[in-house]
>>> print(open('my_file.csv').read())   # CSV, C-alpha atoms and all ligand atoms
chain,number,residue,atom,x,y,z
F,1,MET,CA,-6.7,-2.3,23.3
F,2,ALA,CA,-5.4,-1.4,19.8
F,3,LYS,CA,-7.0,2.1,20.2
F,4,LYS,CA,-4.5,3.0,22.9
F,5,VAL,CA,-1.5,2.1,20.7
F,6,ASP,CA,0.2,4.7,18.5
F,7,ILE,CA,-0.1,2.6,15.4
F,8,ILE,CA,2.1,4.8,13.3
F,9,SER,CA,5.1,4.7,15.8
F,10,LEU,CA,4.6,1.0,16.4
F,11,ASN,CA,4.7,0.2,12.7
F,12,ARG,CA,7.6,2.6,11.9
F,13,LYS,CA,9.7,0.8,14.5
F,14,ALA,CA,8.6,-2.7,13.3
F,15,TRP,CA,9.3,-2.0,9.7
F,16,ASN,CA,12.7,-0.4,10.4
F,17,ASN,CA,13.6,-3.6,12.3
F,18,VAL,CA,12.4,-6.2,9.7
F,19,VAL,CA,14.0,-4.6,6.6
F,20,GLU,CA,16.6,-7.3,6.1
F,21,LYS,CA,14.3,-10.2,6.6
F,22,TYR,CA,11.6,-8.5,4.4
F,23,SER,CA,14.1,-7.9,1.6
F,24,LYS,CA,15.0,-11.6,1.4
F,25,SER,CA,11.3,-12.5,1.2
F,26,LYS,CA,10.5,-10.5,-1.9
F,27,ASN,CA,9.7,-12.1,-5.2
F,28,ASP,CA,9.2,-10.3,-8.5
F,29,SER,CA,5.9,-11.7,-9.7
F,30,PHE,CA,3.0,-9.3,-10.3
F,31,ASN,CA,-0.8,-10.0,-10.1
F,32,PRO,CA,-2.7,-9.1,-13.4
F,33,LEU,CA,-4.1,-5.9,-11.9
F,34,VAL,CA,-0.6,-4.3,-11.7
F,35,GLU,CA,-0.3,-4.7,-15.5
F,36,TYR,CA,-3.8,-3.4,-16.0
F,37,PHE,CA,-3.0,-0.3,-13.8
F,38,CYS,CA,0.1,0.4,-15.8
F,39,ASN,CA,-1.6,0.1,-19.1
F,40,GLU,CA,-4.5,2.4,-18.1
F,41,LEU,CA,-2.1,5.2,-16.9
F,42,PRO,CA,-1.0,7.9,-19.3
F,43,VAL,CA,2.4,7.4,-20.9
F,44,TYR,CA,5.0,9.1,-18.6
F,45,GLY,CA,2.2,9.7,-16.1
F,46,SER,CA,2.9,10.8,-12.5
F,47,LEU,CA,2.7,8.0,-9.9
F,48,LEU,CA,2.7,8.1,-6.1
F,49,ASP,CA,3.6,4.8,-4.4
F,50,ILE,CA,2.5,4.8,-0.7
F,51,GLY,CA,4.5,2.4,1.4
F,52,SER,CA,7.1,1.8,-1.3
F,53,GLY,CA,9.2,-0.7,0.8
F,54,THR,CA,12.4,-1.9,-0.7
F,55,GLY,CA,11.6,-0.6,-4.1
F,56,LEU,CA,11.4,-4.1,-5.4
F,57,PRO,CA,9.6,-5.1,-7.4
F,58,TYR,CA,7.3,-2.1,-7.9
F,59,ALA,CA,9.5,1.0,-8.1
F,60,LYS,CA,11.8,-0.8,-10.5
F,61,LEU,CA,8.8,-1.8,-12.7
F,62,PHE,CA,7.3,1.7,-12.7
F,63,VAL,CA,10.6,3.5,-13.5
F,64,GLU,CA,11.2,1.0,-16.3
F,65,ARG,CA,7.7,1.7,-17.6
F,66,GLY,CA,8.7,5.4,-17.8
F,67,PHE,CA,6.4,6.8,-15.1
F,68,ASN,CA,7.3,9.9,-13.2
F,69,TYR,CA,7.6,8.0,-9.9
F,70,LEU,CA,7.6,9.1,-6.2
F,71,GLY,CA,7.7,6.4,-3.5
F,72,ILE,CA,7.0,7.3,0.1
F,73,ASP,CA,7.6,5.1,3.1
F,74,ILE,CA,7.5,5.6,6.9
F,75,SER,CA,10.6,3.6,7.5
F,76,SER,CA,14.0,5.3,7.0
F,77,GLN,CA,15.6,1.8,6.6
F,78,MET,CA,13.2,0.9,3.8
F,79,ILE,CA,14.0,4.2,2.0
F,80,LYS,CA,17.7,3.5,2.3
F,81,ILE,CA,17.5,0.1,0.7
F,82,ALA,CA,15.0,1.3,-1.9
F,83,GLN,CA,17.5,4.0,-3.0
F,84,ILE,CA,20.2,1.3,-3.4
F,85,ASN,CA,17.8,-1.0,-5.3
F,86,VAL,CA,16.4,1.6,-7.6
F,87,PRO,CA,18.8,4.5,-7.8
F,88,SER,CA,16.9,6.3,-10.6
F,89,ALA,CA,13.7,6.4,-8.6
F,90,LYS,CA,12.7,9.3,-6.2
F,91,PHE,CA,11.9,8.2,-2.6
F,92,MET,CA,10.8,10.3,0.5
F,93,GLU,CA,10.5,9.3,4.1
F,94,MET,CA,6.9,10.2,5.0
F,95,SER,CA,3.8,8.6,6.5
F,96,MET,CA,0.8,8.2,4.3
F,97,THR,CA,-1.2,9.8,7.2
F,98,GLU,CA,0.7,13.1,6.4
F,99,LEU,CA,0.0,13.2,2.6
F,100,LYS,CA,-0.9,16.8,1.5
F,101,PHE,CA,-0.8,16.6,-2.3
F,102,GLU,CA,-3.6,18.2,-4.3
F,103,ASN,CA,-4.5,17.1,-7.9
F,104,GLU,CA,-0.9,16.0,-8.6
F,105,PHE,CA,-0.8,12.4,-9.6
F,106,ASP,CA,-2.2,10.3,-12.5
F,107,GLY,CA,-2.0,7.3,-10.3
F,108,VAL,CA,-1.7,6.3,-6.6
F,109,PHE,CA,-0.4,2.8,-5.8
F,110,SER,CA,-0.7,1.0,-2.5
F,111,SER,CA,0.5,-2.6,-2.4
F,112,TYR,CA,0.1,-4.1,1.1
F,113,SER,CA,0.5,-0.9,2.9
F,114,MET,CA,-3.0,0.3,3.9
F,115,LEU,CA,-3.7,-2.9,5.8
F,116,LEU,CA,-1.4,-1.4,8.3
F,117,LEU,CA,-4.0,1.3,9.1
F,118,SER,CA,-6.9,1.2,11.6
F,119,PRO,CA,-10.3,1.8,10.1
F,120,GLU,CA,-10.2,5.4,11.4
F,121,LEU,CA,-6.8,6.1,9.8
F,122,MET,CA,-7.9,4.3,6.6
F,123,LYS,CA,-10.7,6.8,6.2
F,124,ASP,CA,-8.4,9.7,6.7
F,125,VAL,CA,-5.7,8.4,4.3
F,126,ALA,CA,-8.4,7.6,1.7
F,127,LYS,CA,-9.3,11.3,1.6
F,128,ARG,CA,-5.7,12.3,1.2
F,129,ILE,CA,-5.3,9.8,-1.7
F,130,VAL,CA,-8.4,11.1,-3.5
F,131,ASN,CA,-7.1,14.7,-3.0
F,132,SER,CA,-3.7,13.7,-4.4
F,133,LEU,CA,-5.2,12.3,-7.6
F,134,LYS,CA,-6.0,14.4,-10.7
F,135,PRO,CA,-9.5,14.0,-12.0
F,136,GLY,CA,-9.7,10.7,-13.9
F,137,GLY,CA,-6.7,9.5,-11.9
F,138,LEU,CA,-6.4,5.8,-10.9
F,139,PHE,CA,-5.9,4.2,-7.5
F,140,TYR,CA,-4.6,0.7,-7.0
F,141,ILE,CA,-4.9,-1.0,-3.6
F,142,SER,CA,-4.0,-4.5,-2.5
F,143,LEU,CA,-4.5,-6.0,1.0
F,144,ASN,CA,-5.8,-9.0,2.8
F,145,GLU,CA,-9.4,-10.1,3.1
F,146,PRO,CA,-10.6,-11.9,6.2
F,147,ARG,CA,-10.0,-15.7,6.1
F,148,VAL,CA,-13.4,-16.4,7.5
F,149,LYS,CA,-16.8,-14.7,7.2
F,150,ASN,CA,-18.2,-12.6,10.1
F,151,ALA,CA,-14.9,-12.5,12.0
F,152,ASP,CA,-14.3,-9.6,14.4
F,153,LEU,CA,-11.8,-7.8,12.3
F,154,ASP,CA,-10.6,-5.6,15.1
F,155,ASN,CA,-9.5,-8.6,17.2
F,156,ASP,CA,-5.9,-9.7,16.9
F,157,VAL,CA,-4.8,-6.6,15.0
F,158,LEU,CA,-1.5,-6.5,16.9
F,159,CYS,CA,0.3,-9.3,15.3
F,160,GLU,CA,3.9,-10.7,15.3
F,161,ILE,CA,5.3,-10.6,11.9
F,162,MET,CA,8.9,-11.5,11.2
F,163,GLY,CA,9.6,-11.3,14.9
F,164,GLU,CA,8.2,-7.7,15.4
F,165,THR,CA,4.8,-6.6,16.8
F,166,MET,CA,2.9,-4.5,14.4
F,167,TYR,CA,-0.7,-3.4,13.6
F,168,SER,CA,-2.3,-5.2,10.7
F,169,ARG,CA,-6.0,-5.6,9.8
F,170,ALA,CA,-7.9,-7.5,7.2
F,171,TYR,CA,-10.5,-5.4,5.2
F,172,THR,CA,-13.6,-6.7,3.4
F,173,GLU,CA,-14.5,-5.8,-0.1
F,174,GLU,CA,-17.5,-3.9,1.2
F,175,GLU,CA,-15.4,-1.8,3.6
F,176,ILE,CA,-13.0,-0.8,0.8
F,177,ILE,CA,-15.7,0.0,-1.7
F,178,ASN,CA,-17.7,2.0,0.8
F,179,THR,CA,-14.7,4.0,1.9
F,180,PHE,CA,-13.6,4.9,-1.7
F,181,SER,CA,-16.9,5.2,-3.5
F,182,SER,CA,-18.2,7.7,-0.9
F,183,LEU,CA,-15.2,9.9,-1.9
F,184,GLY,CA,-16.0,9.8,-5.6
F,185,LEU,CA,-14.0,6.9,-6.8
F,186,GLN,CA,-15.5,4.3,-9.1
F,187,ARG,CA,-14.2,0.7,-9.0
F,188,LEU,CA,-13.0,-0.6,-12.3
F,189,LYS,CA,-11.6,-4.1,-11.5
F,190,ILE,CA,-11.0,-6.6,-8.7
F,191,HIS,CA,-8.7,-9.5,-8.5
F,192,ARG,CA,-8.3,-12.2,-5.7
F,193,GLU,CA,-5.4,-14.6,-5.1
F,194,LEU,CA,-4.5,-17.1,-2.4
F,195,LEU,CA,-0.9,-16.4,-1.3
F,196,ASN,CA,1.3,-18.6,0.9
F,197,SER,CA,4.8,-17.6,2.1
F,198,GLU,CA,7.1,-18.4,5.0
F,199,GLU,CA,7.0,-14.9,6.4
F,200,PHE,CA,3.3,-14.2,6.2
F,201,GLY,CA,1.6,-17.6,6.0
F,202,VAL,CA,-1.6,-18.0,4.0
F,203,GLU,CA,-3.1,-14.7,2.9
F,204,HIS,CA,-6.3,-14.0,1.0
F,205,MET,CA,-5.1,-11.2,-1.2
F,206,MET,CA,-7.6,-8.8,-2.8
F,207,ALA,CA,-6.5,-6.1,-5.2
F,208,MET,CA,-8.7,-3.4,-6.8
F,209,VAL,CA,-8.3,-0.5,-9.2
F,210,PHE,CA,-10.5,2.6,-8.8
F,211,LYS,CA,-10.9,5.7,-11.0
F,212,LYS,CA,-11.5,9.3,-9.7
F,213,VAL,CA,-14.7,10.4,-11.5
F,214,GLU,CA,-13.9,13.5,-13.7
F,301,LIG,C1,4.2,-5.0,3.4
F,301,LIG,S1,5.3,-3.7,3.0
F,301,LIG,C2,4.8,-3.5,1.3
F,301,LIG,C3,5.9,-2.8,0.5
F,301,LIG,C4,5.6,-2.7,-1.0
F,301,LIG,N1,4.5,-1.8,-1.2
F,301,LIG,C5,5.4,-4.0,-1.7
F,301,LIG,O1,4.3,-4.4,-1.9
F,301,LIG,O2,6.4,-4.7,-2.0
F,301,LIG,C6,4.6,-2.4,3.8
F,301,LIG,C7,5.4,-1.1,3.7
F,301,LIG,O3,4.5,0.0,4.2
F,301,LIG,C8,5.4,0.9,5.0
F,301,LIG,N2,4.5,1.6,5.9
F,301,LIG,C9,3.9,1.2,7.0
F,301,LIG,N3,3.1,2.2,7.5
F,301,LIG,C10,3.2,3.2,6.7
F,301,LIG,C11,2.7,4.6,6.7
F,301,LIG,N4,1.9,5.0,7.7
F,301,LIG,N5,3.1,5.4,5.8
F,301,LIG,C12,3.9,5.0,4.8
F,301,LIG,N6,4.5,3.8,4.7
F,301,LIG,C13,4.1,2.9,5.7
F,301,LIG,C14,6.3,-0.1,5.7
F,301,LIG,O4,7.5,0.6,6.1
F,301,LIG,C15,6.6,-1.1,4.6
F,301,LIG,O5,7.7,-0.6,3.8
>>> encode(input="my_file.csv", output="structure tokens")
Amino acid sequence: MAKKVDIISLNRKAWNNVVEKYSKSKNDSFNPLVEYFCNELPVYGSLLDIGSGTGLPYAKLFVERGFNYLGIDISSQMIKIAQINVPSAKFMEMSMTELKFENEFDGVFSSYSMLLLSPELMKDVAKRIVNSLKPGGLFYISLNEPRVKNADLDNDVLCEIMGETMYSRAYTEEEIINTFSSLGLQRLKIHRELLNSEEFGVEHMMAMVFKKVE
């Protein structure tokens, strides 16, 4: 069923509609891999944040850390609020499925944005991310793992979140490693955390940092 849905249009509409509720749900705590990612990047390095949301907490952190930051998001409403929240950061309305950068960034950051892609789109965006990175560049990804083993991950991918229907899928560690290592990225670190919030319920968060082999 999900294959017949235009995931990008569905998610654009959903995220434009949830912006207010989503803004209220944000907290400003970071998992340890975010700090690791920042510390491993070159001073004043260039950073692309895909699915930059409200700009909080990440765009604010990255600008304060002195990185040359560009946030992209598919939702015009998210971009508007991000520009208010972090006026000194650069944001562009764009889908990650349209990325066309070549060897431009020291780092690419994706916090809870690539779980909104189907496996087919995930593979395509992964290539675009790797092309965007300079040799030796770093890639951070966080998303949800499945709650149970051997679940059919393509079932129930159209979910109601904050009152809006959107596409969202859990990915296993193996799927993410296979996707990115086949494109020449080497995994440096992994971190797992159990999250629980009113908006998203219990989530099995998995974050990884990869390096583009020079
Ligand atoms: C769960 S929020 C995460 C926001 C932010 N990265 C964070 O962790 O606070 C997902 C964000 O991804 C954006 N998004 C969804 N699909 C996208 C796409 N195809 N390209 C770019 N952004 C997308 C949404 O508009 C939303 O702002």
>>> residues_around(input="my_file.csv", residues="segment 6-15 of chain F", least_positions_apart="6", cutoff="12 Å", atoms="all atoms listed in the file", output="VMD selection string")
chain F and resid 21 to 23 51 to 54 73 to 79 93 to 98 113 to 122 157 to 169
>>> write_last_selection(input="my_file.csv", atoms="C-alpha atoms", output="CSV table (one decimal), keeping the file's coordinate frame")
chain,number,residue,atom,x,y,z
F,21,LYS,CA,14.3,-10.2,6.6
F,22,TYR,CA,11.6,-8.5,4.4
F,23,SER,CA,14.1,-7.9,1.6
F,51,GLY,CA,4.5,2.4,1.4
F,52,SER,CA,7.1,1.8,-1.3
F,53,GLY,CA,9.2,-0.7,0.8
F,54,THR,CA,12.4,-1.9,-0.7
F,73,ASP,CA,7.6,5.1,3.1
F,74,ILE,CA,7.5,5.6,6.9
F,75,SER,CA,10.6,3.6,7.5
F,76,SER,CA,14.0,5.3,7.0
F,77,GLN,CA,15.6,1.8,6.6
F,78,MET,CA,13.2,0.9,3.8
F,79,ILE,CA,14.0,4.2,2.0
F,93,GLU,CA,10.5,9.3,4.1
F,94,MET,CA,6.9,10.2,5.0
F,95,SER,CA,3.8,8.6,6.5
F,96,MET,CA,0.8,8.2,4.3
F,97,THR,CA,-1.2,9.8,7.2
F,98,GLU,CA,0.7,13.1,6.4
F,113,SER,CA,0.5,-0.9,2.9
F,114,MET,CA,-3.0,0.3,3.9
F,115,LEU,CA,-3.7,-2.9,5.8
F,116,LEU,CA,-1.4,-1.4,8.3
F,117,LEU,CA,-4.0,1.3,9.1
F,118,SER,CA,-6.9,1.2,11.6
F,119,PRO,CA,-10.3,1.8,10.1
F,120,GLU,CA,-10.2,5.4,11.4
F,121,LEU,CA,-6.8,6.1,9.8
F,122,MET,CA,-7.9,4.3,6.6
F,157,VAL,CA,-4.8,-6.6,15.0
F,158,LEU,CA,-1.5,-6.5,16.9
F,159,CYS,CA,0.3,-9.3,15.3
F,160,GLU,CA,3.9,-10.7,15.3
F,161,ILE,CA,5.3,-10.6,11.9
F,162,MET,CA,8.9,-11.5,11.2
F,163,GLY,CA,9.6,-11.3,14.9
F,164,GLU,CA,8.2,-7.7,15.4
F,165,THR,CA,4.8,-6.6,16.8
F,166,MET,CA,2.9,-4.5,14.4
F,167,TYR,CA,-0.7,-3.4,13.6
F,168,SER,CA,-2.3,-5.2,10.7
F,169,ARG,CA,-6.0,-5.6,9.8
>>> atom_distance(input="my_file.csv", atom1="atom CA of Asp156 of chain F", atom2="atom CA of Arg187 of chain F")
29.1 Å
>>> residues_around(input="my_file.csv", residues="Val63 of chain F", least_positions_apart="2", cutoff="10 Å", atoms="all atoms listed in the file", output="list in words")
Tyr44, Leu47, Tyr58, Ala59, Lys60, Leu61, Arg65, Gly66, Phe67, Asn68, Tyr69, Leu70, Val86, Ser88, Ala89 and Lys90 of chain F
>>> closest_residue(input="my_file.csv", among="F:Leu183, F:Met205, F:Cys38, F:Ile177", to="ligand LIG 301 (chain F)", atoms="all atoms listed in the file")
F:Met205
>>> atom_distance(input="my_file.csv", atom1="atom CA of Phe101 of chain F", atom2="atom CA of Val5 of chain F")
27.2 Å
>>> closest_residue(input="my_file.csv", among="F:Asn27, F:Ser181, F:Ser46, F:Thr172", to="ligand LIG 301 (chain F)", atoms="only C-alpha atoms and all ligand atoms")
F:Asn27
>>> atom_distance(input="my_file.csv", atom1="atom C11 of ligand LIG 301 (chain F)", atom2="atom CA of Glu214 of chain F")
27.8 Å
>>> closest_residue(input="my_file.csv", among="F:Glu40, F:Glu35, F:Glu64, F:Asp49", to="ligand LIG 301 (chain F)", atoms="all atoms listed in the file")
F:Asp49
>>> residues_around(input="my_file.csv", residues="Phe109 of chain F", least_positions_apart="4", cutoff="7 Å", atoms="all atoms listed in the file", output="mmCIF file with C-alpha atoms, in the coordinates of the input")
data_model
loop_
_atom_site.group_PDB
_atom_site.id
_atom_site.type_symbol
_atom_site.label_atom_id
_atom_site.label_comp_id
_atom_site.auth_asym_id
_atom_site.auth_seq_id
_atom_site.Cartn_x
_atom_site.Cartn_y
_atom_site.Cartn_z
ATOM 1 C CA LEU F 48 2.700 8.100 -6.100
ATOM 2 C CA ASP F 49 3.600 4.800 -4.400
ATOM 3 C CA ILE F 50 2.500 4.800 -0.700
ATOM 4 C CA PHE F 139 -5.900 4.200 -7.500
ATOM 5 C CA TYR F 140 -4.600 0.700 -7.000
ATOM 6 C CA ILE F 141 -4.900 -1.000 -3.600
#
>>> closest_residue(input="my_file.csv", among="F:Asn103, F:Asn150, F:Thr179, F:Asn17", to="ligand LIG 301 (chain F)", atoms="only C-alpha atoms and all ligand atoms")
F:Asn17
>>> closest_residue(input="my_file.csv", among="F:Ile190, F:Ile84, F:Val43, F:Val125", to="Val108 of chain F", atoms="only C-alpha atoms")
F:Val125
>>> closest_residue(input="my_file.csv", among="F:Pro57, F:Gln83, F:Ala170, F:Val18", to="Val148 of chain F", atoms="all atoms listed in the file")
F:Ala170
>>> residues_near_point(input="my_file.csv", point="(-7.6, -13.1, -10.4)", cutoff="12 Å", atoms="all atoms listed in the file", output="PyMOL selection string")
chain F and resi 30-34+36+189-195+204-208
>>> build_atoms(input="my_file.csv", residues="segment 41-64 of chain F", atoms="N, CA and C atoms", output="short mmCIF file (atom, residue, chain, number, x, y, z; two decimals), keeping the file's coordinate frame")
data_model
loop_
_atom_site.label_atom_id
_atom_site.label_comp_id
_atom_site.auth_asym_id
_atom_site.auth_seq_id
_atom_site.Cartn_x
_atom_site.Cartn_y
_atom_site.Cartn_z
N LEU F 41 -2.69 3.90 -17.21
CA LEU F 41 -2.10 5.20 -16.90
C LEU F 41 -1.60 5.90 -18.12
N PRO F 42 -1.58 7.25 -18.12
CA PRO F 42 -1.00 7.90 -19.30
C PRO F 42 0.49 7.63 -19.42
N VAL F 43 0.97 7.61 -20.65
CA VAL F 43 2.40 7.40 -20.90
C VAL F 43 3.16 8.54 -20.14
N TYR F 44 4.23 8.19 -19.45
CA TYR F 44 5.00 9.10 -18.60
C TYR F 44 4.20 9.77 -17.50
N GLY F 45 3.09 9.15 -17.13
CA GLY F 45 2.20 9.70 -16.10
C GLY F 45 2.92 9.79 -14.74
N SER F 46 2.36 10.61 -13.85
CA SER F 46 2.90 10.80 -12.50
C SER F 46 2.30 9.75 -11.57
N LEU F 47 3.16 9.15 -10.75
CA LEU F 47 2.70 8.00 -9.90
C LEU F 47 3.25 8.14 -8.50
N LEU F 48 2.34 8.06 -7.53
CA LEU F 48 2.70 8.10 -6.10
C LEU F 48 2.51 6.68 -5.54
N ASP F 49 3.59 6.11 -4.98
CA ASP F 49 3.60 4.80 -4.40
C ASP F 49 3.62 4.92 -2.87
N ILE F 50 2.55 4.54 -2.18
CA ILE F 50 2.50 4.80 -0.70
C ILE F 50 2.90 3.46 0.01
N GLY F 51 3.97 3.55 0.80
CA GLY F 51 4.50 2.40 1.40
C GLY F 51 5.34 1.60 0.42
N SER F 52 6.35 2.29 -0.13
CA SER F 52 7.10 1.80 -1.30
C SER F 52 8.08 0.67 -0.93
N GLY F 53 8.33 0.44 0.37
CA GLY F 53 9.20 -0.70 0.80
C GLY F 53 10.56 -0.65 0.25
N THR F 54 11.02 -1.81 -0.22
CA THR F 54 12.40 -1.90 -0.70
C THR F 54 12.59 -1.41 -2.12
N GLY F 55 11.49 -0.99 -2.73
CA GLY F 55 11.60 -0.60 -4.10
C GLY F 55 11.44 -1.72 -5.12
N LEU F 56 11.51 -2.95 -4.56
CA LEU F 56 11.40 -4.10 -5.40
C LEU F 56 10.13 -4.91 -5.05
N PRO F 57 9.34 -5.28 -6.01
CA PRO F 57 9.60 -5.10 -7.40
C PRO F 57 8.98 -3.87 -8.05
N TYR F 58 8.18 -3.09 -7.27
CA TYR F 58 7.30 -2.10 -7.90
C TYR F 58 7.99 -0.84 -8.42
N ALA F 59 8.83 -0.20 -7.59
CA ALA F 59 9.50 1.00 -8.10
C ALA F 59 10.26 0.74 -9.33
N LYS F 60 10.96 -0.40 -9.32
CA LYS F 60 11.80 -0.80 -10.50
C LYS F 60 10.87 -0.90 -11.73
N LEU F 61 9.74 -1.60 -11.56
CA LEU F 61 8.80 -1.80 -12.70
C LEU F 61 8.31 -0.41 -13.19
N PHE F 62 7.89 0.45 -12.26
CA PHE F 62 7.30 1.70 -12.70
C PHE F 62 8.28 2.65 -13.35
N VAL F 63 9.53 2.64 -12.85
CA VAL F 63 10.60 3.50 -13.50
C VAL F 63 10.86 2.92 -14.89
N GLU F 64 10.96 1.59 -14.99
CA GLU F 64 11.20 1.00 -16.30
C GLU F 64 10.08 1.27 -17.29
#
